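File shown: input05.txt (compact mmCIF, C-alpha atoms).
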```
# COMPACT_ATOMS: atom_id res chain seq x y z
CA MET A 1 -19.85 12.45 -49.05
CA ASN A 2 -18.04 15.76 -48.80
CA GLY A 3 -14.68 15.29 -47.01
CA ASN A 4 -15.26 18.09 -44.52
CA LEU A 5 -18.75 16.86 -43.67
CA LYS A 6 -17.45 13.35 -43.04
CA MET A 7 -14.81 14.67 -40.65
CA VAL A 8 -17.36 16.65 -38.67
CA LEU A 9 -19.79 13.73 -38.60
CA VAL A 10 -17.19 11.22 -37.44
CA LEU A 11 -15.89 13.51 -34.71
CA PHE A 12 -19.45 14.23 -33.60
CA CYS A 13 -20.32 10.54 -33.43
CA VAL A 14 -17.16 9.62 -31.54
CA CYS A 15 -17.64 12.35 -28.95
CA VAL A 16 -21.33 11.63 -28.46
CA SER A 17 -20.78 7.89 -27.97
CA SER A 18 -17.92 8.62 -25.59
CA ALA A 19 -20.06 11.02 -23.55
CA LEU A 20 -23.01 8.60 -23.51
CA SER A 21 -20.98 5.60 -22.37
CA LEU A 22 -19.19 7.60 -19.70
CA SER A 23 -22.37 9.13 -18.29
CA PHE A 24 -23.94 5.69 -18.20
CA LEU A 25 -20.95 4.25 -16.36
CA TYR A 26 -20.84 7.22 -13.98
CA THR A 27 -24.49 6.76 -13.02
CA TYR A 28 -23.95 3.04 -12.61
CA THR A 29 -20.85 3.33 -10.39
CA LYS A 30 -21.78 6.49 -8.48
CA PRO A 31 -23.69 4.75 -5.64
CA ARG A 32 -20.84 2.34 -5.16
CA ILE A 33 -18.22 5.06 -5.09
CA GLU A 34 -20.29 7.06 -2.60
CA LYS A 35 -20.73 3.94 -0.48
CA ASN A 36 -16.97 3.30 -0.51
CA LYS A 37 -16.34 6.83 0.69
CA MET A 38 -18.94 6.40 3.47
CA LEU A 39 -17.51 3.04 4.51
CA LYS A 40 -14.04 4.45 4.65
CA GLU A 41 -15.20 7.28 6.89
CA GLN A 42 -17.13 4.89 9.12
CA LYS A 43 -14.17 2.55 9.44
CA LEU A 44 -11.89 5.43 10.29
CA LYS A 45 -14.31 6.75 12.90
CA ARG A 46 -14.45 3.39 14.63
CA GLN A 47 -10.67 3.21 14.61
CA LEU A 48 -10.46 6.68 16.08
CA ILE A 49 -12.55 5.81 19.15
CA PRO A 50 -12.86 2.04 19.66
CA GLU A 51 -15.69 1.62 22.19
CA VAL A 52 -18.09 4.08 20.64
CA GLU A 53 -21.75 3.12 20.39
CA ASN A 54 -23.36 6.20 18.90
CA PHE A 55 -22.39 9.53 17.43
CA VAL A 56 -24.18 12.82 18.00
CA ALA A 57 -23.38 15.42 15.38
CA LYS A 58 -23.39 19.11 16.21
CA GLU A 59 -22.85 21.98 13.83
CA ILE A 60 -20.54 24.62 15.25
CA GLU A 61 -19.61 27.78 13.41
CA ASN A 62 -16.04 27.78 12.13
CA LEU A 63 -15.49 24.23 13.39
CA GLY A 64 -17.82 22.46 11.00
CA THR A 65 -19.51 19.27 12.15
CA VAL A 66 -18.36 18.09 15.54
CA GLU A 67 -19.32 14.54 16.47
CA GLU A 68 -19.64 13.54 20.08
CA CYS A 69 -18.91 9.89 20.75
CA TYR A 70 -20.80 8.11 23.50
CA ASP A 71 -20.35 4.57 24.70
CA LYS A 72 -23.03 2.15 25.98
CA SER A 73 -23.44 3.92 29.30
CA GLN A 74 -23.74 7.35 27.66
CA ASN A 75 -20.26 8.43 28.79
CA LEU A 76 -18.65 10.98 26.52
CA LEU A 77 -15.61 9.17 25.16
CA GLY A 78 -14.32 11.87 22.91
CA VAL A 79 -15.07 14.36 20.20
CA LEU A 80 -14.44 13.94 16.48
CA LEU A 81 -13.37 16.87 14.35
CA LYS A 82 -12.96 16.93 10.60
CA SER A 83 -10.73 19.40 8.84
CA SER A 84 -8.51 19.86 5.84
CA CYS A 85 -5.27 21.59 4.94
CA ARG A 86 -3.29 22.42 1.85
CA GLY A 87 -0.60 19.83 1.30
CA TYR A 88 2.10 19.54 -1.35
CA ALA A 89 -0.16 18.59 -4.23
CA GLY A 90 -3.67 19.41 -3.06
CA ASP A 91 -6.02 19.32 -0.10
CA ILE A 92 -5.54 16.78 2.67
CA GLU A 93 -8.71 15.89 4.61
CA TYR A 94 -8.36 14.37 8.05
CA ILE A 95 -10.42 13.33 11.07
CA VAL A 96 -9.07 13.70 14.58
CA SER A 97 -10.51 12.46 17.86
CA ILE A 98 -9.73 14.42 21.01
CA THR A 99 -10.28 13.83 24.69
CA PRO A 100 -13.36 15.71 25.92
CA TYR A 101 -11.52 17.93 28.37
CA ILE A 102 -10.79 21.63 28.39
CA ASP A 103 -7.13 21.04 27.56
CA PRO A 104 -7.71 18.38 24.95
CA LYS A 105 -5.20 15.75 23.98
CA ILE A 106 -5.29 13.86 20.72
CA LEU A 107 -6.68 10.34 20.91
CA SER A 108 -6.18 9.41 17.30
CA LEU A 109 -5.67 10.93 13.85
CA LYS A 110 -6.60 9.52 10.46
CA ILE A 111 -6.26 10.85 6.93
CA LEU A 112 -9.48 10.78 4.86
CA SER A 113 -8.18 11.83 1.49
CA HIS A 114 -5.16 13.41 -0.12
CA LYS A 115 -3.40 13.92 -3.43
CA GLU A 116 0.18 13.52 -2.27
CA THR A 117 2.92 11.70 -4.10
CA PRO A 118 2.72 7.94 -3.64
CA GLY A 119 5.76 6.74 -1.71
CA LEU A 120 6.55 10.14 -0.21
CA GLY A 121 3.86 12.54 0.98
CA ALA A 122 1.36 9.70 0.83
CA ASN A 123 3.17 8.12 3.77
CA VAL A 124 1.37 10.57 6.06
CA GLU A 125 -1.53 8.15 6.05
CA LYS A 126 0.65 5.38 7.44
CA GLU A 127 0.38 4.55 11.13
CA LYS A 128 4.08 5.17 11.63
CA PHE A 129 3.54 8.91 11.14
CA LEU A 130 0.04 9.26 12.60
CA VAL A 131 0.75 7.38 15.84
CA GLN A 132 3.11 10.20 16.88
CA PHE A 133 0.12 12.44 17.49
CA ARG A 134 -1.42 10.21 20.18
CA ASP A 135 -1.71 11.75 23.57
CA LYS A 136 -0.20 15.08 22.54
CA SER A 137 -1.52 18.43 23.62
CA SER A 138 -1.50 21.42 21.31
CA GLN A 139 1.86 22.82 22.44
CA GLU A 140 3.55 19.53 21.59
CA ILE A 141 2.06 19.43 18.09
CA ALA A 142 4.87 20.86 15.97
CA LEU A 143 7.67 19.39 13.90
CA LYS A 144 10.83 18.78 15.92
CA LYS A 145 12.78 20.75 13.36
CA ASP A 146 10.42 23.73 13.59
CA ASP A 147 9.90 24.04 17.33
CA PRO A 148 11.95 22.88 20.36
CA LEU A 149 8.72 21.93 22.18
CA GLY A 150 7.47 19.98 19.21
CA LYS A 151 7.36 16.19 19.36
CA ILE A 152 6.55 15.26 15.75
CA ASP A 153 9.08 13.75 13.37
CA ALA A 154 8.48 14.72 9.76
CA ILE A 155 8.55 12.05 7.07
CA SER A 156 11.94 12.13 5.35
CA GLY A 157 11.51 13.59 1.90
CA ALA A 158 8.00 14.90 2.70
CA THR A 159 8.56 17.85 5.01
CA ILE A 160 5.95 20.05 3.33
CA THR A 161 3.21 17.47 3.74
CA SER A 162 4.20 16.65 7.33
CA ARG A 163 4.36 20.31 8.27
CA ALA A 164 1.00 21.10 6.64
CA ILE A 165 -0.87 18.49 8.65
CA THR A 166 0.95 19.23 11.90
CA ASN A 167 0.36 22.97 11.75
CA SER A 168 -3.23 22.63 10.61
CA LEU A 169 -3.95 20.25 13.49
CA ARG A 170 -2.38 22.58 15.99
CA SER A 171 -4.36 25.61 14.84
CA LEU A 172 -7.51 23.49 14.94
CA LEU A 173 -6.90 22.60 18.57
CA GLU A 174 -6.15 26.20 19.45
CA LYS A 175 -9.34 27.57 17.89
CA GLU A 176 -11.38 29.76 20.22
CA GLU A 177 -14.63 28.12 19.10
CA LEU A 178 -13.28 24.72 20.17
CA LYS A 179 -12.31 26.01 23.61
CA GLU A 180 -15.77 27.57 24.02
CA TYR A 181 -17.48 24.38 22.97
CA LEU A 182 -15.42 22.19 25.26
CA LYS A 183 -15.95 24.61 28.16
CA ASN A 184 -19.70 24.27 27.73
CA LYS A 185 -19.60 20.55 27.20
CA VAL A 186 -17.25 19.46 29.90
CA LYS A 187 -16.95 21.67 32.93
CA ILE A 188 -13.83 20.13 34.39
CA SER A 189 -10.28 19.86 33.16
CA TYR A 190 -8.15 16.74 32.77
CA GLU A 191 -6.35 17.06 36.12
CA GLU A 192 -9.60 17.43 38.03
CA GLN A 193 -11.00 14.39 36.25
CA VAL A 194 -8.01 12.28 37.34
CA LEU A 195 -8.36 13.51 40.93
CA LYS A 196 -12.05 12.61 40.89
CA GLN A 197 -11.22 9.05 39.89
CA GLN A 198 -8.61 8.76 42.65
CA VAL A 199 -11.13 9.95 45.26
CA LYS A 200 -13.56 7.25 44.12
CA ARG A 201 -10.93 4.58 44.69
CA LYS A 202 -9.81 5.71 48.18
CA PRO A 203 -12.67 4.28 50.33
CA LYS A 204 -12.01 0.78 48.95
CA ILE A 205 -8.36 0.93 50.00
CA GLU A 206 -9.36 2.05 53.51
CA GLN A 207 -11.80 -0.86 53.66
CA GLN A 208 -9.05 -3.33 52.85
CA ASN A 209 -6.78 -1.86 55.53
CA THR A 210 -9.41 -2.19 58.23
CA GLN A 211 -9.98 -5.82 57.22
CA LYS A 212 -6.29 -6.59 57.47
CA ILE A 213 -6.08 -5.11 60.96
CA PHE A 214 -9.09 -7.16 62.00
CA ILE A 215 -7.54 -10.42 60.78
CA SER A 216 -4.17 -9.85 62.44
CA THR A 217 -5.69 -9.19 65.84
CA THR A 218 -7.73 -12.40 65.85
CA THR A 219 -5.04 -14.84 64.65
CA ASP A 220 -2.28 -13.32 66.76
CA THR A 221 0.39 -15.75 65.54
CA GLU A 222 0.89 -13.99 62.16
CA GLY A 223 3.24 -11.07 62.15
CA THR A 224 2.72 -7.99 60.08
CA GLN A 225 1.30 -8.62 56.66
CA MET B 1 -1.51 -18.56 -34.83
CA LYS B 2 2.22 -18.19 -35.33
CA LYS B 3 1.66 -14.57 -36.28
CA ILE B 4 -0.14 -14.01 -32.98
CA LEU B 5 2.74 -15.43 -30.96
CA GLN B 6 5.11 -13.31 -33.03
CA ILE B 7 3.06 -10.20 -32.18
CA ILE B 8 3.11 -10.99 -28.47
CA PHE B 9 6.84 -11.77 -28.49
CA ASN B 10 7.38 -8.51 -30.32
CA GLY B 11 5.59 -6.57 -27.64
CA ILE B 12 7.35 -8.17 -24.70
CA ILE B 13 10.91 -8.57 -25.96
CA LYS B 14 11.83 -7.49 -29.46
CA GLU B 15 10.05 -4.12 -29.47
CA ASN B 16 9.43 -3.62 -25.77
CA PRO B 17 7.77 -0.17 -25.68
CA VAL B 18 9.71 1.14 -22.70
CA LEU B 19 13.09 -0.54 -22.92
CA ILE B 20 13.61 -0.82 -26.68
CA MET B 21 11.33 1.77 -28.28
CA MET B 22 11.71 4.19 -25.33
CA ILE B 23 8.12 5.43 -25.24
CA GLY B 24 5.79 5.59 -22.24
CA LEU B 25 8.68 6.65 -20.05
CA CYS B 26 6.54 9.09 -18.01
CA PRO B 27 4.43 6.57 -16.09
CA PHE B 28 7.39 4.17 -16.17
CA LEU B 29 9.41 6.62 -14.08
CA ALA B 30 6.53 8.08 -12.06
CA CYS B 31 4.71 4.95 -10.91
CA SER B 32 7.65 2.72 -10.13
CA THR B 33 8.26 4.00 -6.60
CA SER B 34 6.79 0.78 -5.24
CA ALA B 35 6.19 -2.66 -6.72
CA LYS B 36 2.48 -2.68 -5.89
CA ASP B 37 1.83 0.68 -7.54
CA ALA B 38 3.83 -0.45 -10.56
CA MET B 39 1.64 -3.54 -10.90
CA GLY B 40 -1.55 -1.49 -10.64
CA MET B 41 -0.36 0.95 -13.27
CA GLY B 42 0.84 -1.87 -15.54
CA ILE B 43 -2.51 -3.62 -15.46
CA ALA B 44 -4.53 -0.41 -15.89
CA ALA B 45 -2.43 0.72 -18.84
CA THR B 46 -2.65 -2.73 -20.47
CA PHE B 47 -6.44 -2.64 -20.14
CA VAL B 48 -6.72 0.80 -21.74
CA LEU B 49 -4.23 -0.12 -24.48
CA THR B 50 -6.03 -3.34 -25.40
CA CYS B 51 -9.51 -1.78 -25.42
CA SER B 52 -8.43 1.24 -27.43
CA ASN B 53 -6.61 -1.00 -29.93
CA ILE B 54 -9.79 -3.03 -30.43
CA ILE B 55 -12.03 0.01 -31.00
CA VAL B 56 -9.54 1.80 -33.27
CA SER B 57 -9.05 -1.34 -35.31
CA LEU B 58 -12.81 -1.95 -35.50
CA PHE B 59 -13.51 1.48 -36.99
CA ARG B 60 -10.23 1.98 -38.84
CA ARG B 61 -11.86 2.26 -42.27
CA LEU B 62 -14.40 4.83 -41.09
CA ILE B 63 -12.03 7.34 -39.53
CA PRO B 64 -10.85 10.02 -41.98
CA ASN B 65 -7.10 10.48 -42.04
CA GLU B 66 -7.16 14.19 -41.19
CA VAL B 67 -8.98 13.75 -37.88
CA ARG B 68 -7.50 10.45 -36.81
CA ILE B 69 -5.43 11.83 -33.90
CA PRO B 70 -8.33 13.63 -32.15
CA VAL B 71 -10.51 10.55 -32.62
CA PHE B 72 -7.84 8.26 -31.16
CA ILE B 73 -7.40 10.57 -28.19
CA VAL B 74 -11.13 10.71 -27.43
CA ILE B 75 -11.28 6.92 -27.57
CA ILE B 76 -8.25 6.56 -25.29
CA ALA B 77 -9.57 9.17 -22.85
CA THR B 78 -12.92 7.39 -22.70
CA PHE B 79 -11.32 4.10 -21.73
CA THR B 80 -9.03 5.80 -19.24
CA THR B 81 -12.05 7.35 -17.53
CA ILE B 82 -13.81 3.96 -17.55
CA VAL B 83 -10.79 2.43 -15.81
CA ASP B 84 -10.74 5.32 -13.34
CA TYR B 85 -14.41 4.84 -12.36
CA LEU B 86 -14.09 1.05 -12.16
CA ILE B 87 -11.04 1.24 -9.93
CA LYS B 88 -12.68 3.85 -7.68
CA ALA B 89 -15.79 1.70 -7.38
CA TYR B 90 -14.36 -1.82 -7.08
CA PHE B 91 -10.76 -1.37 -5.89
CA PRO B 92 -10.82 1.68 -3.61
CA ALA B 93 -7.51 0.73 -1.95
CA LEU B 94 -5.67 0.71 -5.28
CA SER B 95 -7.33 3.99 -6.20
CA GLU B 96 -5.93 5.47 -3.01
CA SER B 97 -2.35 4.44 -3.74
CA LEU B 98 -2.26 5.20 -7.49
CA GLY B 99 -4.43 8.27 -7.14
CA VAL B 100 -3.71 10.85 -9.80
CA PHE B 101 -1.70 8.56 -12.10
CA ILE B 102 -4.70 6.66 -13.41
CA PRO B 103 -6.13 9.63 -15.32
CA LEU B 104 -2.60 10.26 -16.62
CA ILE B 105 -2.78 7.03 -18.61
CA VAL B 106 -4.37 9.21 -21.30
CA VAL B 107 -1.01 10.79 -22.03
CA ASN B 108 0.82 7.48 -22.05
CA CYS B 109 2.66 7.58 -25.38
CA ILE B 110 2.46 3.83 -25.84
CA ILE B 111 -1.29 3.84 -26.31
CA LEU B 112 -1.39 6.56 -28.94
CA ALA B 113 1.69 5.13 -30.67
CA ARG B 114 0.17 1.66 -31.04
CA ALA B 115 -3.18 3.06 -32.16
CA GLU B 116 -1.40 5.02 -34.88
CA ALA B 117 1.22 2.46 -35.90
CA PHE B 118 -0.64 -0.82 -35.57
CA ALA B 119 -4.34 -0.76 -34.70
CA SER B 120 -5.29 1.64 -37.50
CA LYS B 121 -3.62 -0.66 -40.02
CA ASN B 122 -4.44 -4.18 -38.84
CA ASN B 123 -7.48 -6.30 -38.09
CA VAL B 124 -9.12 -6.60 -34.69
CA LEU B 125 -7.62 -9.94 -33.69
CA TYR B 126 -4.01 -8.90 -34.31
CA SER B 127 -4.63 -5.49 -32.74
CA PHE B 128 -6.00 -7.17 -29.64
CA PHE B 129 -2.88 -9.30 -29.24
CA ASP B 130 -0.62 -6.36 -29.99
CA GLY B 131 -2.31 -4.55 -27.13
CA ILE B 132 -1.80 -7.54 -24.85
CA GLY B 133 1.84 -7.96 -25.92
CA MET B 134 2.81 -4.32 -25.59
CA GLY B 135 0.92 -4.10 -22.31
CA MET B 136 2.76 -7.09 -20.91
CA GLY B 137 6.06 -5.57 -22.04
CA PHE B 138 5.22 -2.34 -20.22
CA PHE B 139 4.04 -4.30 -17.18
CA LEU B 140 7.27 -6.29 -16.99
CA ALA B 141 9.47 -3.23 -17.35
CA ILE B 142 7.64 -1.10 -14.80
CA VAL B 143 7.36 -3.88 -12.22
CA ILE B 144 11.06 -4.74 -12.47
CA LEU B 145 11.96 -1.09 -11.99
CA GLY B 146 9.41 -0.84 -9.17
CA ILE B 147 10.94 -3.76 -7.29
CA ILE B 148 14.46 -2.34 -7.68
CA ARG B 149 13.52 1.20 -6.64
CA GLN B 150 11.37 0.11 -3.73
CA PHE B 151 14.04 -2.23 -2.39
CA LEU B 152 16.88 0.27 -2.66
CA GLY B 153 14.79 3.27 -1.67
CA SER B 154 12.78 1.93 1.26
CA GLY B 155 14.26 -1.48 1.96
CA MET B 156 11.04 -3.34 1.31
CA ILE B 157 10.04 -5.92 -1.27
CA PHE B 158 6.28 -5.65 -1.86
CA ASN B 159 4.86 -5.69 1.68
CA SER B 160 7.80 -7.10 3.59
CA LYS B 161 9.33 -5.36 6.59
CA GLU B 162 12.30 -3.11 6.05
CA LEU B 163 15.29 -5.20 5.06
CA LEU B 164 17.82 -2.38 4.69
CA LYS B 165 18.91 -0.32 7.68
CA ASN B 166 19.69 2.89 5.80
CA PRO B 167 17.89 2.78 2.48
CA LEU B 168 18.88 5.13 -0.33
CA VAL B 169 15.86 7.46 -0.16
CA ILE B 170 16.86 9.13 -3.41
CA MET B 171 15.80 5.97 -5.23
CA ILE B 172 12.12 6.67 -4.57
CA LEU B 173 12.52 10.33 -5.50
CA PRO B 174 12.48 11.50 -9.13
CA PRO B 175 16.29 11.50 -9.65
CA GLY B 176 16.40 7.90 -8.49
CA GLY B 177 13.89 7.02 -11.17
CA PHE B 178 16.21 8.31 -13.86
CA LEU B 179 19.25 6.66 -12.28
CA ALA B 180 17.60 3.27 -11.96
CA ALA B 181 15.99 3.45 -15.39
CA GLY B 182 19.34 4.40 -16.92
CA VAL B 183 21.06 1.41 -15.39
CA VAL B 184 18.30 -0.98 -16.47
CA ILE B 185 18.28 0.34 -20.05
CA THR B 186 22.07 0.12 -20.22
CA LEU B 187 21.85 -3.52 -19.20
CA ILE B 188 19.22 -4.18 -21.86
CA LYS B 189 21.36 -2.54 -24.54
CA TYR B 190 24.35 -4.59 -23.47
CA ILE B 191 22.37 -7.82 -23.72
CA GLU B 192 20.99 -6.68 -27.08
CA ASN B 193 24.47 -6.12 -28.45
CA LYS B 194 25.73 -9.41 -27.12
CA LEU B 195 22.87 -11.22 -28.86
CA LYS B 196 23.52 -9.54 -32.18
CA LYS B 197 27.20 -10.41 -32.48
CA PRO B 198 27.92 -13.72 -30.77
CA ASN B 199 31.74 -14.03 -30.63
CA LYS B 200 32.23 -12.62 -34.08
CA ILE B 201 35.92 -12.74 -34.93
CA ILE B 202 37.01 -10.29 -37.55
CA SER B 203 38.12 -12.66 -40.21
CA ASN B 204 38.33 -10.33 -43.15
CA LEU B 205 42.05 -10.65 -43.65
CA PRO B 206 43.07 -10.72 -47.33
CA SER B 207 44.54 -14.01 -48.63
CA SER B 208 47.61 -12.18 -49.92
CA CYS B 209 49.18 -8.80 -49.31
CA GLU B 210 48.50 -7.64 -52.86
CA GLY B 211 46.39 -4.55 -53.03
CA CYS B 212 47.00 -3.58 -49.43
CA GLY B 213 48.15 0.00 -48.97
CA LEU B 214 50.52 -0.77 -46.11
CA LYS B 215 52.41 -3.43 -47.95
CA SER B 216 55.68 -1.61 -47.71
CA LYS B 217 55.44 -0.99 -44.00
CA CYS B 218 53.64 -4.05 -42.63
CA VAL B 219 55.35 -6.89 -40.80
CA LEU B 220 53.06 -9.51 -42.29
CA SER B 221 54.11 -8.79 -45.86
CA ARG B 222 57.63 -10.04 -45.22
```
In structure tokens, write the structure found in this file.
Amino acid sequence: MNGNLKMVLVLFCVCVSSALSLSFLYTYTKPRIEKNKMLKEQKLKRQLIPEVENFVAKEIENLGTVEECYDKSQNLLGVLLKSSCRGYAGDIEYIVSITPYIDPKILSLKILSHKETPGLGANVEKEKFLVQFRDKSSQEIALKKDDPLGKIDAISGATITSRAITNSLRSLLEKEELKEYLKNKVKISYEEQVLKQQVKRKPKIEQQNTQKIFISTTTDTEGTQ
Amino acid sequence: MKKILQIIFNGIIKENPVLIMMIGLCPFLACSTSAKDAMGMGIAATFVLTCSNIIVSLFRRLIPNEVRIPVFIVIIATFTTIVDYLIKAYFPALSESLGVFIPLIVVNCIILARAEAFASKNNVLYSFFDGIGMGMGFFLAIVILGIIRQFLGSGMIFNSKELLKNPLVIMILPPGGFLAAGVVITLIKYIENKLKKPNKIISNLPSSCEGCGLKSKCVLSR
């Protein structure tokens, strides 16, 4: 066989068999890989808001898909937002759950995917970093070294990654569309909600006081309780 | 049988790809920031190396000499992609931590070097064990470095809690990789030298002072 022809034939055969075996394997593993991605998202969502029973997804312009989380008694527990930012080595996707009030605070933050360096930037997905965001409002979401009001410690050796997530999260919370949505969804702010709960409790305390007074007058021997 | 053991011993000790032959240093330095990642990379690279050795050896008489490098690379890349899909599908946690370094196995010098130097010139059985041996040598080297760097750089051994109060963070950064690797390779060279000349006393003294150029000046000639 002509030398040149043999070379072309061998290369052709090798490449075709490689492409065939890879496409076969891809088709075979694709459902599993998709399922893994789904499972990971599901697991993360349950970790973000523990008592959730069902999610209601809403499409909002510029915010993407917002998921409202209701518990058994149809109380709105929180709202899930998904976003991404440019990290050190690629995009970082994250999901954040926020309290459903007009001045939202972060309930929980989880990283969905990233391409950061293992051992350094990749540590943003560890709880040690993410737990800092709990219960913070948007003014507090900044790196301590960037902003005196900020309450977030960057990961040593991974400032770029830490800063990227922190700033992206803050701008997400400050988006006009989010404020509009929350205004329409929940008409009261966090302080009013707390006051409401206190008012509910008051009558019970008054009831107890009247009972105490009643007891002390009948027994007469007991002093003040 | 003896030849097989010889091949494996060769791969792990005598011609360890990373520590003696000094190839495959890229993933060796890059994936040794933690012991667990090092293990994952070691196993993945061994798998690709062994499979590619088998295929190259199987078709060694059919591959024309002029196109052998492109053919080897396509074969290696195919197996690397297979490993990538399998890990993504069946070990998603490992895929998360190793991430981009799995596809980089394609450019691991060890695999191309063994395909060229051994698998294209030997039968399938020996090539298989060469792959296993070299792979185990790589695995050992990268895991040892991973343990050292992780312990010094973050105070942890595998998944333990932090044992050092102020770990040397530089050890898990790129310069630390070079520093640690340098120390380890120096140690290996030292041991190598010690093994080659065990207490060799220079005993080449002449029996008489005849023929020695310093005869007139030397103390011993008197």
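For region 52-69 of chain B, the set of protein, DNA and RNA residues having any atom at most 6 Å away, when counting all atoms listed in the file and skipping those fewer than 5 positions along the same chain, is B:Ile76, B:Ala115, B:Ala119, B:Ser120, B:Asn123, B:Val124, B:Ser127, B:Phe128.
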Nearest candidate to Leu25 (chain B) (options B:Gln6, B:Asn108, B:Asn159, B:Thr46; using only C-alpha atoms): B:Asn108
Within 12 Å of region 182-189 of chain B using all atoms listed in the file, minus same-chain residues under 2 positions, as a ChimeraX atom specification: /B:13-22,25,28-29,141-142,144-146,148-149,175-180,191-196
Test item: residues at most 12 Å from region 162-169 of chain B, all atoms listed in the file, excluding those fewer than 6 positions along its chain, as a list in words: Gly119, Leu120, Ile155, Ser156, Gly157 and Ala158 of chain A; Thr33, Ile148, Arg149, Gln150, Phe151, Leu152, Gly153, Ser154, Gly155, Met156, Pro175, Gly176, Gly177 and Ala180 of chain B
Two-atom distance - CA of Gly131 (chain B), CA of Leu49 (chain B) (Å): 5.5 Å
Counting only C-alpha atoms, chain B residues within 10 Å of chain A, as a ChimeraX atom specification: /B:30-34,37,62-68,70-72,74-79,81-82,85-93,96-101,150,153-154,169-170,172-173
Interatomic distance, CA of Thr161 (chain A) to CA of Gly87 (chain A) (Å, one decimal): 5.1 Å
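Note that CA of Ala45 (chain B) and CA of Ile105 (chain B) are 6.3 Å apart.
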Selection near region 91-108 of chain A, 9 Å with all atoms listed in the file, sequence-local residues under 4 positions removed, as an NGL selection string: :A and (41 or 44-45 or 47-49 or 68 or 76-87 or 112-116 or 130-131 or 133-138 or 161 or 164-165 or 169 or 173 or 179-180 or 182-183 or 185-190 or 193)
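Using all atoms listed in the file, the nearest neighbour of Lys145 (chain A) within the list A:Asn75, A:Arg163, A:Ala57, A:Cys69 is A:Arg163.
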Kindly compute an axis-aligned box around the listed atoms of region 162-168 of chain A, allowing 6 Å on each side, and express its centre and edge lengths in Å to one decimal as JSON.
```
{"center_x": 0.6, "center_y": 19.8, "center_z": 9.3, "size_x": 19.6, "size_y": 18.3, "size_z": 17.3}
```
Using the atoms already present, construct N, CA, C and O atoms for region 168-178 of chain B and hand them back as a short mmCIF file (atom, residue, chain, number, x, y, z; two decimals), in the frame of the given file.
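Okay, part30.cif is ready:
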```
data_model
loop_
_atom_site.label_atom_id
_atom_site.label_comp_id
_atom_site.auth_asym_id
_atom_site.auth_seq_id
_atom_site.Cartn_x
_atom_site.Cartn_y
_atom_site.Cartn_z
N LEU B 168 18.52 3.97 0.49
CA LEU B 168 18.88 5.13 -0.33
C LEU B 168 17.60 5.84 -0.74
O LEU B 168 17.03 5.53 -1.77
N VAL B 169 17.16 6.83 0.10
CA VAL B 169 15.86 7.46 -0.16
C VAL B 169 15.77 8.07 -1.55
O VAL B 169 14.70 8.13 -2.14
N ILE B 170 16.90 8.48 -2.10
CA ILE B 170 16.86 9.13 -3.41
C ILE B 170 16.25 8.21 -4.46
O ILE B 170 15.72 8.68 -5.47
N MET B 171 16.31 6.89 -4.22
CA MET B 171 15.80 5.97 -5.23
C MET B 171 14.29 6.07 -5.41
O MET B 171 13.78 5.73 -6.47
N ILE B 172 13.56 6.50 -4.37
CA ILE B 172 12.12 6.67 -4.57
C ILE B 172 11.75 8.10 -4.90
O ILE B 172 10.59 8.44 -5.05
N LEU B 173 12.76 8.96 -5.02
CA LEU B 173 12.52 10.33 -5.50
C LEU B 173 12.79 10.36 -6.99
O LEU B 173 13.41 9.46 -7.54
N PRO B 174 12.33 11.46 -7.66
CA PRO B 174 12.48 11.50 -9.13
C PRO B 174 13.90 11.22 -9.66
O PRO B 174 14.03 10.45 -10.62
N PRO B 175 14.97 11.80 -9.07
CA PRO B 175 16.29 11.50 -9.65
C PRO B 175 16.59 10.01 -9.64
O PRO B 175 17.17 9.48 -10.59
N GLY B 176 16.17 9.34 -8.58
CA GLY B 176 16.40 7.90 -8.49
C GLY B 176 15.74 7.14 -9.62
O GLY B 176 16.26 6.13 -10.10
N GLY B 177 14.57 7.65 -10.06
CA GLY B 177 13.89 7.02 -11.17
C GLY B 177 14.76 7.03 -12.41
O GLY B 177 14.92 6.01 -13.10
N PHE B 178 15.33 8.20 -12.68
CA PHE B 178 16.21 8.31 -13.86
C PHE B 178 17.45 7.44 -13.71
O PHE B 178 17.87 6.77 -14.65
#
```
